[in-house]
Amino acid sequence: GVDTEAERPPTWRNHSPCIALGQPLCRHRSMPPSSDQLAVLDAAHEALPVELVEVRPGRTLAIHSQPRPGAEQTVLFVHGSCGSLLQWKDQIALAAKKRAVVAFDTFGCGRSPKPPEWDAYSFAELRDDLAAVLARISVPGRTMVVVAHSAGCSLALAVAAASLASTPPGPPIDGLCLMGAFAEPPRVPSIFYLPTFVLSLMQPRLSAGFEALALHADTRAGKTAARRYLLGLAPAVNAANDMFMCKAYYRQLSAPSKEEIQSVGAEVPCLLIAGEDDALVPPESTAELHALLSSGAPSEMHSVRATSHQLMQEDPEAVNALLGAFLQSVYARPKPKKTAKARASAVPDKSFASQTRFSSLPSEE
């Protein structure tokens with residue numbers, strides 16, 4: 001019953017999103033998902049198929065891609081803490097109409113490998129995974145927009161800041177859409193200092209607690225088709241959650257510094273979208289991040305009424321309207337010559353698709 005990692009005294013108290021949608025099957029769960037829950041997961045996975053790709057030594061990710069030859073923009077989706085690319089179903093459908101699309105399950109999540117290794121889920125490792133995916137899918141002459149959620153926004157900001165600070169600059173990010181984002185990570189609940197087997201026994205109650213916070217009352221009442229679908233998906237994916245991964249992830253949760261965030265805001269256009277009634281990351285927290293990002297490049301923030309933390313699933317029409325307009329604005333924005341030069345020097349000679357067995361990632365015509 002003793003975990004392998006060194007225990008540290010709990011110093012953080014606030015709520016944090018403790019279970020997210022689209023979770024991996026678990027080594028430590030008290031009971032497996034029901035047959036009905038497995039059927040829901042199978043259908044969701046079938047709609048968004050993946051291939052396993054080694055993006056860097058020892059790090060294999062489940063990646064979904066919809067290439068579009070001749071596209072002039074790529075959209076990369078990054079899910080939130082302990083989540084899954086399943087949450088982007090409606091936004092992927094929107095972006096894929098005219099753009100190349102890539103989404104992936106972070107290490108330990110969804111259909112990506114989930115080894116019982118504490119350091120595998122550190123912020124630095126997950127950040128480097130995202131940087132590797134970005135570098136491999138960047139195509140000269142094609143704009144890149146990263147769409148991220150919750151703690152995934154911190155990873156995206158950290159990668160963008162590192163890319164801008166490196167010499168030569170790394171693969172450019174031409175726009176950031178950040179949903180349910182924060183400047184400082186929520187404090188880790190003391191519950192994540194319990195042994196993993198205890199967390200596994202508590203999993204049903206934790207799942208119900210997450211749903212009460214992350215889903216709006218209108219969703220729990222099943223007021224629209226999207227909300228009814230989410231209401232069925234949430235218990236299914238939460239029943240398949242890996243509690244060791246969750247514990248390791250939240251105990252190592254981090255975020256870029258204010259200076260790094262401001263450096264991104266000076267160069268990269270940003271759209272921030274908050275759930276008006278988000279009980280996990282209140283809009284006020286997103287507004288603090290927006291203030292830091294409003295330092296040069298265009299930046300705007302919107303809230304979506306009658307939604308909570310899973311706003312992109314609760315009201316996909318409203319979110320897609322904002323996202324679609326932002327994608328178009330990034331494409332239409334003039335690019336400085338130095339950006340084009342930096343892009344040419346930073347992008348690998350071969351596309352991600354030609355370097356791996358994953359044949360469907362976007363590449364040059």
# chains A, B, ... in the order shown; residues from 1 in each chain; ligands from 1
call {"tool": "residues_around", "arguments": {"residues": "segment 93-101 of chain A", "least_positions_apart": "5", "cutoff": "12 Å", "atoms": "only C-alpha atoms", "output": "PyMOL selection string"}}
result
chain A and resi 47-48+63-78+85-88+134+137-139+142-147+312+316-317+319-328+331+360-364
call {"tool": "select_by_dssp", "arguments": {"residues": "segment 20-235 of chain A", "states": "helix (DSSP H, G or I)", "output": "VMD selection string"}}
result
chain A and resid 35 to 47 85 to 95 118 to 121 123 to 137 151 to 165 190 to 193 196 to 201 203 to 214 217 to 220 225 to 235
call {"tool": "residues_around", "arguments": {"residues": "Gln262 of chain A", "least_positions_apart": "6", "cutoff": "12 Å", "atoms": "only C-alpha atoms", "output": "list of chain:residue names"}}
result
A:Leu157, A:Ala158, A:Ala160, A:Ala161, A:Leu164, A:Ala183, A:Pro256, A:Val268, A:Pro269, A:Cys270, A:Glu288, A:Leu289, A:His290, A:Ala291, A:Leu292, A:Leu293, A:Ser294, A:Ser295, A:Gly296, A:Ala297, A:Ser299
call {"tool": "write_last_selection", "arguments": {"atoms": "N, CA and C atoms", "output": "mmCIF file, in the first residue's frame"}}
result
data_model
loop_
_atom_site.group_PDB
_atom_site.id
_atom_site.type_symbol
_atom_site.label_atom_id
_atom_site.label_comp_id
_atom_site.auth_asym_id
_atom_site.auth_seq_id
_atom_site.Cartn_x
_atom_site.Cartn_y
_atom_site.Cartn_z
ATOM 1 N N LEU A 157 1.562 27.286 -23.504
ATOM 2 C CA LEU A 157 2.251 28.545 -23.230
ATOM 3 C C LEU A 157 3.735 28.311 -22.957
ATOM 4 N N ALA A 158 4.050 27.246 -22.227
ATOM 5 C CA ALA A 158 5.453 26.949 -21.936
ATOM 6 C C ALA A 158 6.224 26.629 -23.209
ATOM 7 N N ALA A 160 5.407 27.623 -26.287
ATOM 8 C CA ALA A 160 5.496 28.855 -27.074
ATOM 9 C C ALA A 160 6.583 29.772 -26.542
ATOM 10 N N ALA A 161 6.672 29.907 -25.217
ATOM 11 C CA ALA A 161 7.693 30.766 -24.625
ATOM 12 C C ALA A 161 9.096 30.243 -24.911
ATOM 13 N N LEU A 164 10.063 30.905 -28.582
ATOM 14 C CA LEU A 164 10.409 32.302 -28.833
ATOM 15 C C LEU A 164 11.781 32.658 -28.262
ATOM 16 N N ALA A 183 -3.427 31.388 -15.021
ATOM 17 C CA ALA A 183 -2.047 31.856 -14.971
ATOM 18 C C ALA A 183 -1.237 31.052 -13.966
ATOM 19 N N PRO A 256 4.042 28.056 -16.693
ATOM 20 C CA PRO A 256 5.132 28.987 -17.012
ATOM 21 C C PRO A 256 5.080 30.216 -16.110
ATOM 22 N N VAL A 268 2.309 36.484 -29.906
ATOM 23 C CA VAL A 268 1.362 35.501 -30.426
ATOM 24 C C VAL A 268 -0.078 35.951 -30.167
ATOM 25 N N PRO A 269 -0.910 36.081 -31.192
ATOM 26 C CA PRO A 269 -2.332 36.384 -30.980
ATOM 27 C C PRO A 269 -2.994 35.287 -30.147
ATOM 28 N N CYS A 270 -3.834 35.701 -29.208
ATOM 29 C CA CYS A 270 -4.459 34.741 -28.301
ATOM 30 C C CYS A 270 -5.957 34.981 -28.186
ATOM 31 N N GLU A 288 -7.125 36.840 -15.327
ATOM 32 C CA GLU A 288 -5.760 37.151 -14.870
ATOM 33 C C GLU A 288 -4.739 36.757 -15.936
ATOM 34 N N LEU A 289 -4.955 35.612 -16.548
ATOM 35 C CA LEU A 289 -4.064 35.188 -17.632
ATOM 36 C C LEU A 289 -4.187 36.127 -18.821
ATOM 37 N N HIS A 290 -5.404 36.513 -19.142
ATOM 38 C CA HIS A 290 -5.617 37.430 -20.264
ATOM 39 C C HIS A 290 -4.876 38.740 -20.054
ATOM 40 N N ALA A 291 -4.870 39.244 -18.825
ATOM 41 C CA ALA A 291 -4.157 40.487 -18.534
ATOM 42 C C ALA A 291 -2.664 40.338 -18.808
ATOM 43 N N LEU A 292 -2.103 39.188 -18.462
ATOM 44 C CA LEU A 292 -0.676 38.957 -18.715
ATOM 45 C C LEU A 292 -0.386 38.833 -20.205
ATOM 46 N N LEU A 293 -1.328 38.281 -20.952
ATOM 47 C CA LEU A 293 -1.111 38.075 -22.384
ATOM 48 C C LEU A 293 -1.367 39.332 -23.208
ATOM 49 N N SER A 294 -1.992 40.329 -22.621
ATOM 50 C CA SER A 294 -2.324 41.555 -23.359
ATOM 51 C C SER A 294 -1.131 42.500 -23.351
ATOM 52 N N SER A 295 -0.063 42.061 -24.008
ATOM 53 C CA SER A 295 1.183 42.823 -23.961
ATOM 54 C C SER A 295 1.771 43.098 -25.333
ATOM 55 N N GLY A 296 0.955 43.064 -26.372
ATOM 56 C CA GLY A 296 1.499 43.372 -27.695
ATOM 57 C C GLY A 296 0.649 42.822 -28.824
ATOM 58 N N ALA A 297 0.660 41.514 -28.988
ATOM 59 C CA ALA A 297 -0.129 40.878 -30.042
ATOM 60 C C ALA A 297 -1.610 40.931 -29.669
ATOM 61 N N SER A 299 -5.138 40.125 -28.395
ATOM 62 C CA SER A 299 -5.598 39.164 -27.398
ATOM 63 C C SER A 299 -7.011 39.543 -26.988
#
call {"tool": "closest_residue", "arguments": {"among": "A:Glu54, A:Asp278, A:Asp174, A:Asp119", "to": "Glu314 of chain A", "atoms": "only C-alpha atoms"}}
result
A:Asp278
call {"tool": "select_by_dssp", "arguments": {"residues": "segment 29-79 of chain A", "states": "strand (DSSP E or B)", "output": "MDAnalysis selection string"}}
result
chainID A and resid 51:56 59:66 73:78
call {"tool": "closest_residue", "arguments": {"among": "A:Gly275, A:Pro33, A:Gly108, A:Pro334", "to": "Lys247 of chain A", "atoms": "only C-alpha atoms"}}
result
A:Gly108
call {"tool": "residues_around", "arguments": {"residues": "segment 213-222 of chain A", "least_positions_apart": "4", "cutoff": "7 Å", "atoms": "only C-alpha atoms", "output": "list in words"}}
result
Gly209, Arg227, Arg228, Leu231, Asp278, Ala279, Leu280, Ala306, Thr307, Ser308, His309, Gln310 and Glu314 of chain A
